[in-house]
$ cat model.cif   # mmCIF, C-alpha atoms
data_my_file
loop_
_atom_site.label_atom_id
_atom_site.label_comp_id
_atom_site.auth_asym_id
_atom_site.auth_seq_id
_atom_site.Cartn_x
_atom_site.Cartn_y
_atom_site.Cartn_z
CA MET A 287 82.61 99.60 108.66
CA ILE A 288 85.43 97.24 107.71
CA GLU A 289 83.74 96.33 104.43
CA ILE A 290 83.32 100.01 103.52
CA LEU A 291 87.02 100.64 104.22
CA LEU A 292 88.04 97.63 102.14
CA VAL A 293 85.96 98.78 99.15
CA THR A 294 87.48 102.29 99.53
CA LEU A 295 90.94 100.72 99.48
CA ILE A 296 90.16 98.92 96.21
CA LEU A 297 88.83 102.14 94.62
CA ILE A 298 91.89 104.16 95.75
CA SER A 299 94.31 101.55 94.46
CA ILE A 300 92.53 101.46 91.07
CA PHE A 301 92.74 105.27 90.92
CA SER A 302 96.44 105.33 91.78
CA PHE A 303 97.05 102.63 89.17
CA PHE A 304 95.42 104.61 86.37
CA ALA A 305 96.43 108.14 87.45
CA ARG A 306 98.37 109.98 84.74
CA ASP A 307 99.50 112.61 87.25
CA LEU A 308 102.06 110.70 89.30
CA LEU A 309 101.84 113.15 92.22
CA ALA A 310 98.09 112.48 92.49
CA GLY A 311 98.83 108.76 92.39
CA THR A 312 101.37 109.12 95.20
CA VAL A 313 98.93 111.06 97.35
CA ALA A 314 96.34 108.35 96.67
CA LEU A 315 98.83 105.71 97.85
CA SER A 316 99.43 107.77 100.98
CA ILE A 317 95.67 107.85 101.65
CA PHE A 318 95.62 104.10 101.00
CA SER A 319 98.21 103.61 103.74
CA LEU A 320 96.29 105.84 106.12
CA ILE A 321 93.02 103.93 105.59
CA SER A 322 94.75 100.58 105.93
CA ALA A 323 96.31 101.83 109.17
CA LEU A 324 92.79 102.60 110.39
CA LEU A 325 91.76 99.13 109.26
CA PHE A 326 94.61 97.50 111.19
CA TYR A 327 93.59 99.46 114.25
CA LEU A 328 89.97 98.31 113.92
CA LEU A 329 91.19 94.72 113.56
CA ALA A 330 93.03 95.03 116.92
CA ALA A 331 96.60 95.27 115.60
CA PRO A 332 97.74 98.70 116.81
CA ASP A 333 101.45 97.87 116.38
CA VAL A 334 100.96 97.23 112.68
CA ALA A 335 98.78 100.35 112.44
CA ILE A 336 101.56 102.56 113.84
CA THR A 337 104.08 101.02 111.45
CA GLU A 338 101.78 101.39 108.46
CA ALA A 339 100.99 105.01 109.27
CA ALA A 340 104.64 105.96 109.83
CA VAL A 341 106.24 103.99 107.00
CA GLY A 342 103.46 103.83 104.41
CA ALA A 343 101.91 107.27 104.76
CA GLY A 344 105.07 109.08 105.85
CA ILE A 345 108.46 107.87 104.71
CA SER A 346 107.55 106.10 101.45
CA THR A 347 105.48 109.10 100.33
CA ILE A 348 108.49 111.38 100.88
CA ILE A 349 110.73 109.04 98.87
CA LEU A 350 108.20 108.76 96.01
CA ILE A 351 107.68 112.54 95.89
CA TRP A 352 111.44 113.01 95.78
CA ALA A 353 111.61 110.57 92.86
CA ILE A 354 108.86 112.48 91.04
CA ARG A 355 110.67 115.77 91.62
CA GLU A 356 113.84 114.39 90.12
CA THR A 357 112.13 112.93 87.04
CA ARG A 358 108.79 113.84 85.50
CA ARG A 359 105.41 114.44 86.99
CA GLU A 360 103.31 113.14 84.14
CA ASP A 361 103.18 109.48 83.17
CA GLU A 362 104.12 108.61 79.60
CA GLN A 363 101.28 107.81 77.27
CA MET B 76 93.60 100.53 77.66
CA ARG B 77 94.59 97.13 76.32
CA GLN B 78 97.95 96.94 78.06
CA HIS B 79 96.21 97.45 81.41
CA LEU B 80 94.04 94.38 80.87
CA THR B 81 96.67 91.80 81.80
CA PRO B 82 97.49 93.14 85.29
CA ILE B 83 93.80 93.57 86.08
CA LEU B 84 93.12 90.00 84.99
CA MET B 85 96.02 88.75 87.11
CA ALA B 86 94.81 90.71 90.13
CA ALA B 87 91.28 89.31 89.66
CA LEU B 88 92.60 85.73 89.48
CA LEU B 89 94.72 86.29 92.59
CA GLY B 90 91.70 87.78 94.35
CA ILE B 91 89.56 84.73 93.50
CA ALA B 92 92.29 82.41 94.75
CA LEU B 93 92.70 84.33 98.01
CA PHE B 94 88.92 84.59 98.50
CA ALA B 95 88.66 80.80 98.59
CA LEU B 96 91.42 80.80 101.20
CA ILE B 97 89.66 83.41 103.31
CA ILE B 98 86.24 81.75 103.40
CA GLY B 99 87.79 78.32 103.96
CA GLN B 100 86.72 76.59 107.15
CA THR B 101 90.14 75.36 108.27
CA PRO B 102 90.60 76.42 111.89
CA TRP B 103 93.56 78.65 112.67
CA PRO B 104 96.32 77.01 114.70
CA LEU B 105 95.81 78.17 118.26
CA GLN B 106 98.71 76.50 120.04
CA ALA B 107 101.28 79.27 119.60
CA ARG B 108 98.74 81.95 120.46
CA ASP B 109 97.69 80.26 123.68
CA TYR B 110 101.28 79.64 124.70
CA LEU B 111 102.27 83.28 124.10
CA GLN B 112 99.22 84.60 125.87
CA SER B 113 99.94 82.67 129.03
CA PHE B 114 103.75 82.66 129.15
CA ALA B 115 105.07 85.67 127.18
CA PRO B 116 104.61 88.35 129.88
CA SER B 117 106.39 86.34 132.55
CA GLU B 118 109.08 84.92 130.28
CA SER B 119 110.09 88.12 128.48
CA GLY B 120 108.95 90.85 130.87
CA ALA B 121 107.06 92.72 128.14
CA THR B 122 103.35 93.31 128.61
CA ASN B 123 103.00 94.02 124.91
CA ILE B 124 103.22 90.53 123.40
CA VAL B 125 104.38 91.82 120.01
CA SER B 126 107.43 93.30 121.75
CA ALA B 127 107.87 90.06 123.67
CA ILE B 128 108.10 88.18 120.37
CA TYR B 129 110.40 90.48 118.42
CA LEU B 130 112.81 91.25 121.23
CA GLY B 131 112.41 88.13 123.34
CA TYR B 132 111.74 85.04 121.27
CA ARG B 133 112.80 86.34 117.84
CA ALA B 134 115.45 88.92 118.72
CA PHE B 135 117.90 87.48 116.21
CA ASP B 136 115.46 88.28 113.37
CA THR B 137 115.24 91.84 114.69
CA LEU B 138 119.02 92.14 114.56
CA GLY B 139 118.87 90.96 110.92
CA GLU B 140 116.24 93.58 110.13
CA THR B 141 118.42 96.37 111.50
CA LEU B 142 121.27 94.99 109.40
CA VAL B 143 119.03 95.19 106.30
CA LEU B 144 118.35 98.82 107.16
CA VAL B 145 122.08 99.52 107.49
CA ALA B 146 122.55 98.05 104.00
CA ALA B 147 119.73 100.20 102.60
CA VAL B 148 121.11 103.41 104.10
CA LEU B 149 124.60 102.51 102.91
CA GLY B 150 123.33 101.89 99.37
CA THR B 151 121.43 105.18 99.29
CA ALA B 152 124.41 107.11 100.59
CA LEU B 153 126.63 105.48 97.98
CA VAL B 154 124.24 106.24 95.11
CA MET B 155 123.85 109.84 96.26
CA LYS B 156 127.61 110.23 96.56
CA ILE B 157 128.15 108.90 93.05
CA SER B 158 125.49 111.17 91.57
CA HIS B 159 127.00 114.16 93.40
CA THR B 160 130.39 113.62 91.85
CA GLY B 161 128.99 113.94 88.38
CA LEU B 162 128.17 110.56 86.87
CA GLU B 163 124.78 112.06 86.16
CA GLY B 164 124.16 114.71 83.56
CA PRO B 165 124.91 114.91 79.83
CA ASP B 166 127.56 112.19 79.83
CA GLY B 167 126.09 110.04 82.58
CA PHE B 168 123.46 107.37 82.72
CA ASP B 169 120.38 109.57 82.46
CA GLY B 170 121.12 112.81 80.76
CA PRO B 171 120.18 113.12 77.12
CA GLU B 172 116.61 111.77 77.08
CA ASP B 173 115.28 114.51 79.33
CA PRO B 174 114.40 117.60 77.30
CA GLU B 175 114.22 119.93 80.30
CA GLY B 176 117.40 118.81 81.99
CA ARG B 177 115.55 118.17 85.23
CA THR B 178 117.82 115.39 86.41
CA GLU B 179 120.87 117.57 86.60
CA SER B 180 122.45 117.92 89.97
CA GLY B 181 125.39 119.43 91.75
CA PRO B 182 127.14 122.27 89.99
CA ALA B 183 125.07 121.76 86.85
CA ALA B 184 121.82 122.48 88.70
CA SER B 185 122.80 126.05 89.41
CA ARG B 186 123.33 126.63 85.69
CA SER B 187 120.01 124.98 84.85
CA THR B 188 117.78 127.01 82.58
CA ARG B 189 114.58 125.81 84.18
CA PRO B 190 112.41 128.75 85.18
CA THR B 191 111.33 129.45 88.78
CA ARG B 192 113.53 126.71 90.18
CA ILE B 193 115.02 127.51 93.56
CA PRO B 194 117.26 124.64 94.64
CA GLY B 195 115.53 122.41 97.16
CA ARG B 196 112.48 124.63 97.47
CA THR B 197 110.46 123.51 94.48
CA LEU B 198 107.41 121.97 96.12
CA ARG B 199 107.16 124.33 99.10
CA THR B 200 105.56 127.51 100.19
CA ARG B 201 106.64 129.55 103.22
CA LEU B 202 103.66 128.07 105.08
CA ILE B 203 104.98 124.51 105.17
CA PRO B 204 108.44 125.14 106.70
CA THR B 205 106.91 127.35 109.38
CA ILE B 206 104.23 124.91 110.53
CA VAL B 207 106.36 121.79 110.10
CA GLY B 208 109.26 123.34 112.00
CA LYS B 209 106.96 124.05 114.95
CA LEU B 210 105.49 120.55 114.75
CA ALA B 211 108.86 118.77 114.74
CA PRO B 212 109.52 118.73 118.53
CA VAL B 213 106.06 117.27 119.19
CA VAL B 214 106.66 114.51 116.65
CA LEU B 215 110.09 113.80 118.14
CA LEU B 216 108.56 113.58 121.62
CA TYR B 217 105.91 111.15 120.40
CA GLY B 218 108.62 109.07 118.73
CA PHE B 219 110.57 108.84 121.99
CA TYR B 220 107.35 107.88 123.82
CA VAL B 221 106.58 105.07 121.37
CA MET B 222 110.19 103.92 121.64
CA PHE B 223 110.53 103.93 125.44
CA TYR B 224 107.08 102.43 126.14
CA GLY B 225 107.32 99.72 123.46
CA HIS B 226 107.25 96.98 126.08
CA LEU B 227 103.98 98.24 127.60
CA SER B 228 101.93 99.81 124.82
CA PRO B 229 101.79 99.27 121.05
CA GLY B 230 104.95 100.38 119.34
CA GLY B 231 108.59 99.67 119.90
CA GLY B 232 111.99 100.37 118.50
CA PHE B 233 111.17 100.25 114.82
CA GLN B 234 107.93 102.21 115.00
CA GLY B 235 109.39 104.80 117.35
CA GLY B 236 112.47 105.04 115.14
CA VAL B 237 110.42 105.74 112.03
CA ILE B 238 108.43 108.41 113.89
CA LEU B 239 111.73 109.91 115.07
CA ALA B 240 112.85 109.92 111.44
CA SER B 241 109.67 111.80 110.51
CA GLY B 242 110.54 114.36 113.18
CA ILE B 243 114.06 114.68 111.80
CA ILE B 244 112.65 115.18 108.30
CA PHE B 245 110.28 117.82 109.71
CA LEU B 246 113.29 119.56 111.23
CA GLY B 247 115.02 119.38 107.84
CA ILE B 248 112.01 120.84 106.01
CA GLY B 249 111.52 123.49 108.66
CA SER B 250 115.11 124.67 108.73
CA THR B 251 116.01 127.79 106.83
CA SER B 252 119.73 127.29 107.27
CA ASP B 253 122.27 127.21 104.48
CA PRO B 254 123.49 123.98 102.88
CA ALA B 255 126.61 123.93 105.08
CA GLY B 256 124.40 123.36 108.13
CA GLU B 257 122.65 120.51 106.34
CA ILE B 258 125.94 118.77 105.69
CA ALA B 259 126.90 119.10 109.36
CA ARG B 260 123.58 117.51 110.30
CA PHE B 261 124.23 114.59 107.92
CA ALA B 262 127.57 113.95 109.60
CA ALA B 263 126.02 114.02 113.07
CA LEU B 264 123.22 111.64 112.04
CA SER B 265 125.56 109.13 110.47
CA LYS B 266 127.72 109.17 113.60
CA ILE B 267 124.64 108.63 115.80
CA GLU B 268 123.56 105.69 113.65
CA ALA B 269 127.00 104.09 113.73
CA VAL B 270 127.34 104.48 117.52
CA ALA B 271 123.82 103.13 118.16
CA PHE B 272 124.42 100.09 115.95
CA THR B 273 127.75 99.35 117.63
CA LEU B 274 126.09 99.62 121.05
CA LEU B 275 123.30 97.31 119.82
CA ILE B 276 125.81 94.66 118.78
CA GLY B 277 127.55 95.22 122.12
CA ALA B 278 124.26 94.75 123.99
CA CYS B 279 123.80 91.38 122.27
CA LEU B 280 127.10 90.00 123.57
CA PRO B 281 126.93 89.99 127.43
CA GLY B 282 124.45 87.10 127.37
CA MET B 283 127.16 84.87 125.93
CA SER B 284 129.43 85.33 128.93
CA ALA B 285 126.45 84.85 131.27
CA GLY B 286 125.65 81.54 129.61
CA THR B 287 122.26 82.49 128.16
CA GLY B 288 123.50 82.78 124.60
CA PHE B 289 123.74 85.52 121.98
CA LEU B 290 121.05 88.13 122.67
CA GLY B 291 120.18 86.29 125.87
CA ASN B 292 119.44 88.21 129.01
CA PRO B 293 122.82 88.95 130.64
CA ALA B 294 121.47 88.86 134.20
CA GLY B 295 120.62 85.18 133.83
CA THR B 296 117.72 85.31 136.25
CA THR B 297 114.05 84.56 135.73
CA ASP B 298 112.91 87.85 137.20
CA PRO B 299 110.66 89.62 134.65
CA GLU B 300 111.80 93.04 135.90
CA VAL B 301 115.35 92.37 134.73
CA PHE B 302 114.11 91.17 131.34
CA ARG B 303 112.11 94.36 131.06
CA ILE B 304 115.17 96.57 131.54
CA TYR B 305 117.00 94.62 128.84
CA ILE B 306 114.07 94.99 126.44
CA VAL B 307 113.89 98.76 127.09
CA ILE B 308 117.62 99.06 126.34
CA LEU B 309 117.28 97.10 123.09
CA ASN B 310 114.19 99.11 122.07
CA THR B 311 115.97 102.41 122.71
CA LEU B 312 119.09 101.45 120.77
CA ILE B 313 117.07 100.09 117.83
CA GLY B 314 114.86 103.20 117.83
CA ILE B 315 117.78 105.63 117.78
CA LYS B 316 119.53 103.61 115.10
CA VAL B 317 116.45 103.33 112.87
CA GLY B 318 115.54 106.98 113.37
CA ALA B 319 119.01 108.25 112.52
CA GLY B 320 119.32 105.88 109.55
CA ILE B 321 115.99 106.63 107.88
CA GLY B 322 116.25 110.31 108.73
CA LEU B 323 119.69 110.44 107.16
CA MET B 324 118.45 108.63 104.07
CA CYS B 325 115.45 110.92 103.54
CA LEU B 326 117.40 114.12 104.31
CA GLU B 327 120.02 113.07 101.81
CA LEU B 328 117.35 112.46 99.19
CA MET B 329 115.65 115.80 99.92
CA GLY B 330 118.77 117.91 100.22
CA LYS B 331 120.20 116.72 96.94
CA ASP B 332 120.05 120.07 95.19
CA ALA B 333 120.74 122.12 98.29
CA SER B 334 124.20 120.74 98.90
#

$ encode --input "model.cif" --output "structure tokens"
Amino acid sequence: MIEILLVTLILISIFSFFARDLLAGTVALSIFSLISALLFYLLAAPDVAITEAAVGAGISTIILIWAIRETRREDEQ
Amino acid sequence: MRQHLTPILMAALLGIALFALIIGQTPWPLQARDYLQSFAPSESGATNIVSAIYLGYRAFDTLGETLVLVAAVLGTALVMKISHTGLEGPDGFDGPEDPEGRTESGPAASRSTRPTRIPGRTLRTRLIPTIVGKLAPVVLLYGFYVMFYGHLSPGGGFQGGVILASGIIFLGIGSTSDPAGEIARFAALSKIEAVAFTLLIGACLPGMSAGTGFLGNPAGTTDPEVFRIYIVILNTLIGIKVGAGIGLMCLELMGKDAS
């Protein structure tokens, strides 16, 4: 289970690194945070899991989406 | 493709280096863990050992973290204030390169020629404010739960505060009020944050007069029940402060065009 989640994390991070659409990349980062929160929970660190879910998947996604709204959605070539 | 090669190579090298560290056979140091497991609940009064560490043994670090957050909120507020008063735009630091004029703000935004742009409502449908507005009280309640029960169950001031901030943001998204109401909410939030931080500093001081030191337990006894009350007070103040601060920051970022 943990290995599957770790491999998923690597795939999601590669996708968000190469995504031209910055909004898709941000959503991928949000999913990354959610899966790593699940991982922290499985590894018996529920405090870190709550923090990761609230900060990583919640607040930082809002800030990044705000930044995209104020600039451009597409990455430059 | 070629410019992506260097970061991938660096990440691979870092991964190889860390892999050797992970499979290494050096035993983890167990002394601190054993000590905390046997003494933390009775010494700090918190059943949750993470809370026992960050409000009992390392409370000064926690105070520093809240100070970092104050600095972050202050910086954001300052930047937003500057961009509101018109440093941005054609003559400012990021005007001319943008062909669509998307970075305009304040009075210029209302004159913007961008089609289908309603200020502050760009990425929303009617569905999201409705559902999120109904969800906000539940999220706020959960935030208060995580905050108040930080000494017993996973969570604590910071986590509860961030969840409270999510609830405040939900309230902000769900509100259909005019920009004047938003500004009033900003003022209330900044006052709440300032009062909570002042009370937090005040709660650190009584230990000095009791002889247990800065952030020490003011009662000066070894009764875990008394420690527990002190930890709950600290958790609550930190939670309210963090929630108001991050909520204020995010609402200010979101409500940029609306005000």

$ residues_near_point --input "model.cif" --point "(104.0, 94.4, 115.7)" --cutoff "9 Å" --atoms "all atoms listed in the file" --output "ChimeraX atom specification"
/A:331-337 /B:124-126,128-129,229-231,234

$ write_last_selection --input "model.cif" --atoms "C-alpha atoms" --output "CSV table (one decimal), keeping the file's coordinate frame"
chain,number,residue,atom,x,y,z
A,331,ALA,CA,96.6,95.3,115.6
A,332,PRO,CA,97.7,98.7,116.8
A,333,ASP,CA,101.4,97.9,116.4
A,334,VAL,CA,101.0,97.2,112.7
A,335,ALA,CA,98.8,100.4,112.4
A,336,ILE,CA,101.6,102.6,113.8
A,337,THR,CA,104.1,101.0,111.4
B,124,ILE,CA,103.2,90.5,123.4
B,125,VAL,CA,104.4,91.8,120.0
B,126,SER,CA,107.4,93.3,121.8
B,128,ILE,CA,108.1,88.2,120.4
B,129,TYR,CA,110.4,90.5,118.4
B,229,PRO,CA,101.8,99.3,121.0
B,230,GLY,CA,105.0,100.4,119.3
B,231,GLY,CA,108.6,99.7,119.9
B,234,GLN,CA,107.9,102.2,115.0

$ atom_distance --input "model.cif" --atom1 "atom CA of Ala271 of chain B" --atom2 "atom CA of Ile315 of chain B"
6.5 Å

$ closest_atom_pairs --input "model.cif" --of "chain B" --to "chain A" --cutoff "7 Å" --atoms "only C-alpha atoms" --output "CSV"
residue,atom,partner,partner_atom,distance
B:Arg177,CA,A:Glu356,CA,6.4
B:Thr178,CA,A:Glu356,CA,5.5
B:Pro229,CA,A:Asp333,CA,4.9
B:Gly230,CA,A:Asp333,CA,5.2
B:Gln234,CA,A:Thr337,CA,5.4
B:Val237,CA,A:Ala340,CA,6.2
B:Ile238,CA,A:Ala340,CA,6.1
B:Cys325,CA,A:Ile349,CA,6.9
B:Leu328,CA,A:Trp352,CA,6.8
B:Met329,CA,A:Trp352,CA,6.5

$ resolve_selection --input "model.cif" --expression "the PyMOL selection byres ((chain A and resi 361) around 10)" --output "JSON, numbers by chain"
{"A": [304, 305, 306, 307, 308, 309, 358, 359, 360, 362, 363]}

$ atom_distance --input "model.cif" --atom1 "atom CA of Leu295 of chain A" --atom2 "atom CA of Ile98 of chain B"
19.9 Å

$ atom_distance --input "model.cif" --atom1 "atom CA of Gly314 of chain B" --atom2 "atom CA of Leu239 of chain B"
7.9 Å

$ closest_residue --input "model.cif" --among "B:Leu312, B:Met85, B:Val214, B:Ile203" --to "Leu130 of chain B" --atoms "all atoms listed in the file"
B:Leu312

$ resolve_selection --input "model.cif" --expression "the PyMOL selection byres ((chain B and resi 316) around 8)" --output "VMD selection string"
chain B and resid 236 267 to 269 271 to 272 312 to 315 317 to 320

$ write_last_selection --input "model.cif" --atoms "C-alpha atoms" --output "compact mmCIF listing (two decimals), keeping the file's coordinate frame"
# COMPACT_ATOMS: atom_id res chain seq x y z
CA GLY B 236 112.47 105.04 115.14
CA ILE B 267 124.64 108.63 115.80
CA GLU B 268 123.56 105.69 113.65
CA ALA B 269 127.00 104.09 113.73
CA ALA B 271 123.82 103.13 118.16
CA PHE B 272 124.42 100.09 115.95
CA LEU B 312 119.09 101.45 120.77
CA ILE B 313 117.07 100.09 117.83
CA GLY B 314 114.86 103.20 117.83
CA ILE B 315 117.78 105.63 117.78
CA VAL B 317 116.45 103.33 112.87
CA GLY B 318 115.54 106.98 113.37
CA ALA B 319 119.01 108.25 112.52
CA GLY B 320 119.32 105.88 109.55

$ residues_around --input "model.cif" --residues "Leu227 of chain B" --least-positions-apart "2" --cutoff "8 Å" --atoms "all atoms listed in the file" --output "PyMOL selection string"
chain B and resi 121-123+224-225+229

$ residues_near_point --input "model.cif" --point "(107.8, 126.3, 111.9)" --cutoff "10 Å" --atoms "all atoms listed in the file" --output "list in words"
Arg201, Leu202, Ile203, Pro204, Thr205, Ile206, Val207, Gly208, Lys209, Leu210, Ala211, Phe245, Leu246, Ile248, Gly249, Ser250 and Thr251 of chain B

$ closest_residue --input "model.cif" --among "B:Ile91, B:Val154, B:Ala278, B:Val307" --to "Val221 of chain B" --atoms "all atoms listed in the file"
B:Val307
